[in-house]
Amino acid sequence: LPAAHLERALGRLCGLGYSEAIDLVTATPLEYTRLNAKPLVTRWKGREVALVRVYEESDASLRAMAPDQRTFHLECADGVVRPVVGYRGGKGPLEHRALPVVDARLLVNLVALQGGRLLDPFAGAGGVIVAAHASGLVTVSMDCDRALRFGLAKLSMSHVVGDASAIPFASGAFAAIATEPPYHASALATIVASIAEAARAVRRGGRIAFLVASEQAAVVRDAADRAGLTLELDVSIDRKGTAVTCLCWRR
């Protein structure tokens with residue numbers, strides 16, 4: 001890492017997704033003295049170097065940002081909007097559980113390369129929106145479930161009730177799209193249609209990231225190919241026994 005970028009990089013480590021700890025490899029004693037850290041001296045590529053722990057994610061910090069710790073304003077069955085602590089999404093086949101903090105960070109980090117405006121067209125309980133807002137992005141949330149509109153409007157800078165297969169924004173309106181669609185098989189047609197809409201709504205050079213059920217991945221890949229998207233990442237993740245696939249494309 002170029003020394004000129006060290007301070008900026010250190011300030012952004014708290015936004016990492018799955019990384020629990022980061023060490024700086026340095027042969028310069030001044031570096032770890034300045035960082036006020038005790039180095040672990042080891043050998044790397046035939047020379048003696050110091051490993052300096054510059055970041056470590058604490059379980060407490062992740063817990064504080066977890067969906068079951070947040071308050072979400074939900075329109076309940078009686079039509080009253082109530083602040084619900086720990087709302088984790090609906091249980092219907094076209095709904096999904098609230099996105100874990102590390103997964104939300106992953107999606108945002110994949111697409112937020114140039115800043116700008118980010119859309120989550122399957123926003124659910126707003127995990128991606130929370131992560132995107134923390135990264136300094138302008139956030140727009142969207143979901144077909146009207147009961148979520150008050151909670152999402154509080155989390156995002158703008159919220160729209162709408163169908164992801166017909167995104168109600170102009171072509172090229174967004175720098176990035178990041179989302180986790182429902183995993184149920186009955187949602188697949190909507191997800192496929194949303195790929196073409198995402199490709200239209202993202203500006204050229206922008207990025208799109210989807211976290212889908214692994215059994216949906218092949219069909220989603222085909223839809224992205226037809227939409228002219230360039231695949232940049234295709235990786236399987238075992239999320240506590242649920243097989244999911246993270247796909248990222250460039251427009």
# chains A, B, ... in the order shown; residues from 1 in each chain; ligands from 1
$ residues_around --residues "A:Gly79" --least-positions-apart "4" --cutoff "12 Å" --atoms "only C-alpha atoms" --output "number ranges by chain"
A: 74-75, 146-148, 150
$ residues_around --residues "A:Arg149" --least-positions-apart "5" --cutoff "8 Å" --atoms "only C-alpha atoms" --output "list of chain:residue names"
A:Leu74, A:Asp143, A:His159, A:Val160, A:Val161
$ write_last_selection --atoms "C-alpha atoms" --output "PDB file, in the first residue's frame"
ATOM      1  CA  LEU A  74     -43.583  -0.668  10.186  1.00  0.00           C
ATOM      2  CA  ASP A 143     -39.867  -2.267  -2.409  1.00  0.00           C
ATOM      3  CA  HIS A 159     -38.112   5.830  -1.115  1.00  0.00           C
ATOM      4  CA  VAL A 160     -40.430   4.502  -3.815  1.00  0.00           C
ATOM      5  CA  VAL A 161     -43.093   1.810  -3.568  1.00  0.00           C
TER       6      VAL A 161
END
$ residues_around --residues "A:Ala224" --least-positions-apart "6" --cutoff "9 Å" --atoms "only C-alpha atoms" --output "list in words"
Val192, Ile195, Ala196, Ala199, Thr230, Leu231 and Trp249 of chain A
$ closest_atom_pairs --of "stretch 36-71 of chain A" --to "stretch 101-121 of chain A" --cutoff "8 Å" --atoms "only C-alpha atoms" --output "tab-separated table"
residue	atom	partner	partner_atom	distance
A:Leu62	CA	A:Val101	CA	7.0
A:Met65	CA	A:Val101	CA	6.9
A:Ala66	CA	A:Val101	CA	6.0
A:Pro67	CA	A:Val101	CA	7.8
$ closest_residue --among "A:Gly46, A:Ala193, A:Arg250, A:Gly205" --to "A:Ala223" --atoms "only C-alpha atoms"
A:Ala193
$ residues_around --residues "A:Glu56" --least-positions-apart "6" --cutoff "10 Å" --atoms "only C-alpha atoms" --output "list in words"
Leu13, Cys14, Ser19, Glu20, Ala21, Ile22 and Asp23 of chain A
$ atom_distance --atom1 "atom CA of A:Arg251" --atom2 "atom CA of A:Arg207"
5.9 Å
$ closest_residue --among "A:Cys76, A:Ser214, A:Gly136, A:Leu6" --to "A:Pro182" --atoms "only C-alpha atoms"
A:Ser214
$ select_by_dssp --residues "stretch 57-233 of chain A" --states "alpha helix (DSSP H)" --output "VMD selection string"
chain A and resid 59 to 65 101 to 111 127 to 134 149 to 155 188 to 201 217 to 226
$ residues_around --residues "A:Thr26" --least-positions-apart "6" --cutoff "9 Å" --atoms "only C-alpha atoms" --output "PDB file with C-alpha atoms, in the first residue's frame"
ATOM      1  CA  TYR A  32       4.416   0.864  13.825  1.00  0.00           C
ATOM      2  CA  VAL A  49       9.115  -7.650   8.509  1.00  0.00           C
ATOM      3  CA  ALA A  50       6.725  -6.456  11.171  1.00  0.00           C
ATOM      4  CA  LEU A  51       3.015  -7.242  11.182  1.00  0.00           C
ATOM      5  CA  VAL A  52       1.072  -4.423  12.795  1.00  0.00           C
TER       6      VAL A  52
END
$ closest_residue --among "A:Arg226, A:Lys240, A:Arg43, A:Arg12" --to "A:Pro100" --atoms "only C-alpha atoms"
A:Lys240
$ select_by_dssp --residues "stretch 13-246 of chain A" --states "strand (DSSP E)" --output "compact mmCIF listing (two decimals) with C-alpha atoms, in the first residue's frame"
# COMPACT_ATOMS: atom_id res chain seq x y z
CA ALA A 21 -8.77 -8.17 11.23
CA ILE A 22 -6.19 -6.36 9.08
CA ASP A 23 -2.43 -6.36 9.55
CA LEU A 24 -0.03 -3.91 7.94
CA VAL A 25 3.16 -5.52 6.65
CA THR A 26 6.03 -3.10 7.09
CA LEU A 40 4.78 -9.14 15.46
CA VAL A 41 8.16 -9.66 13.76
CA THR A 42 8.21 -12.46 11.20
CA ARG A 43 9.80 -13.36 7.88
CA TRP A 44 8.06 -12.69 4.59
CA ARG A 47 13.18 -10.71 4.77
CA GLU A 48 12.28 -9.71 8.29
CA VAL A 49 9.11 -7.65 8.51
CA ALA A 50 6.72 -6.46 11.17
CA LEU A 51 3.02 -7.24 11.18
CA VAL A 52 1.07 -4.42 12.80
CA ARG A 53 -2.59 -4.95 13.66
CA VAL A 54 -4.28 -1.79 12.32
CA TYR A 55 -7.90 -2.91 12.49
CA GLU A 56 -9.97 -5.49 14.29
CA THR A 71 -35.71 0.23 15.10
CA PHE A 72 -37.85 0.00 11.97
CA HIS A 73 -41.10 1.91 11.45
CA LEU A 74 -43.58 -0.67 10.19
CA GLU A 75 -47.20 -0.24 9.12
CA VAL A 81 -47.26 2.75 11.97
CA ARG A 82 -45.24 1.52 14.94
CA PRO A 83 -41.50 1.58 15.74
CA VAL A 84 -40.53 -2.09 15.88
CA VAL A 85 -37.23 -2.93 17.55
CA ARG A 117 -26.50 7.48 -6.17
CA LEU A 118 -27.31 3.89 -5.18
CA LEU A 119 -30.62 2.05 -5.60
CA ASP A 120 -31.79 -1.04 -3.74
CA VAL A 138 -26.94 8.98 -1.85
CA THR A 139 -29.45 6.20 -1.20
CA VAL A 140 -32.74 5.37 -2.90
CA SER A 141 -34.80 2.45 -1.61
CA MET A 142 -37.57 0.59 -3.40
CA ASP A 143 -39.87 -2.27 -2.41
CA SER A 158 -35.68 8.75 -1.06
CA HIS A 159 -38.11 5.83 -1.11
CA VAL A 160 -40.43 4.50 -3.81
CA VAL A 161 -43.09 1.81 -3.57
CA PHE A 174 -27.90 5.54 -10.81
CA ALA A 175 -24.19 4.97 -10.30
CA ALA A 176 -24.85 1.64 -8.62
CA ILE A 177 -27.50 -0.94 -7.74
CA ALA A 178 -27.05 -3.41 -4.88
CA THR A 179 -29.72 -5.75 -3.58
CA VAL A 202 -27.40 2.17 -14.14
CA ARG A 203 -25.18 4.57 -16.03
CA ARG A 204 -22.41 3.25 -18.26
CA GLY A 205 -19.45 2.24 -16.13
CA GLY A 206 -21.68 1.71 -13.10
CA ARG A 207 -21.95 -1.54 -11.18
CA ILE A 208 -24.71 -3.92 -10.13
CA ALA A 209 -24.47 -6.49 -7.32
CA PHE A 210 -27.08 -9.15 -6.49
CA LEU A 211 -27.01 -11.65 -3.63
CA VAL A 212 -29.27 -14.50 -4.76
CA ALA A 213 -30.12 -18.02 -3.71
CA THR A 230 -19.94 -7.73 -17.85
CA LEU A 231 -19.48 -10.19 -14.99
CA GLU A 232 -16.82 -9.10 -12.46
CA LEU A 233 -17.51 -11.40 -9.50
CA ASP A 234 -19.27 -14.74 -9.12
CA VAL A 235 -18.75 -16.36 -5.72
CA SER A 236 -20.70 -18.82 -3.59
CA ILE A 237 -21.25 -18.10 0.11
CA ASP A 238 -22.45 -20.47 2.81
CA ARG A 239 -24.57 -18.24 4.96
CA THR A 242 -28.13 -21.27 3.27
CA ALA A 243 -26.28 -21.42 -0.06
CA VAL A 244 -26.22 -18.00 -1.71
CA THR A 245 -24.27 -16.57 -4.64
CA CYS A 246 -22.92 -13.04 -4.94
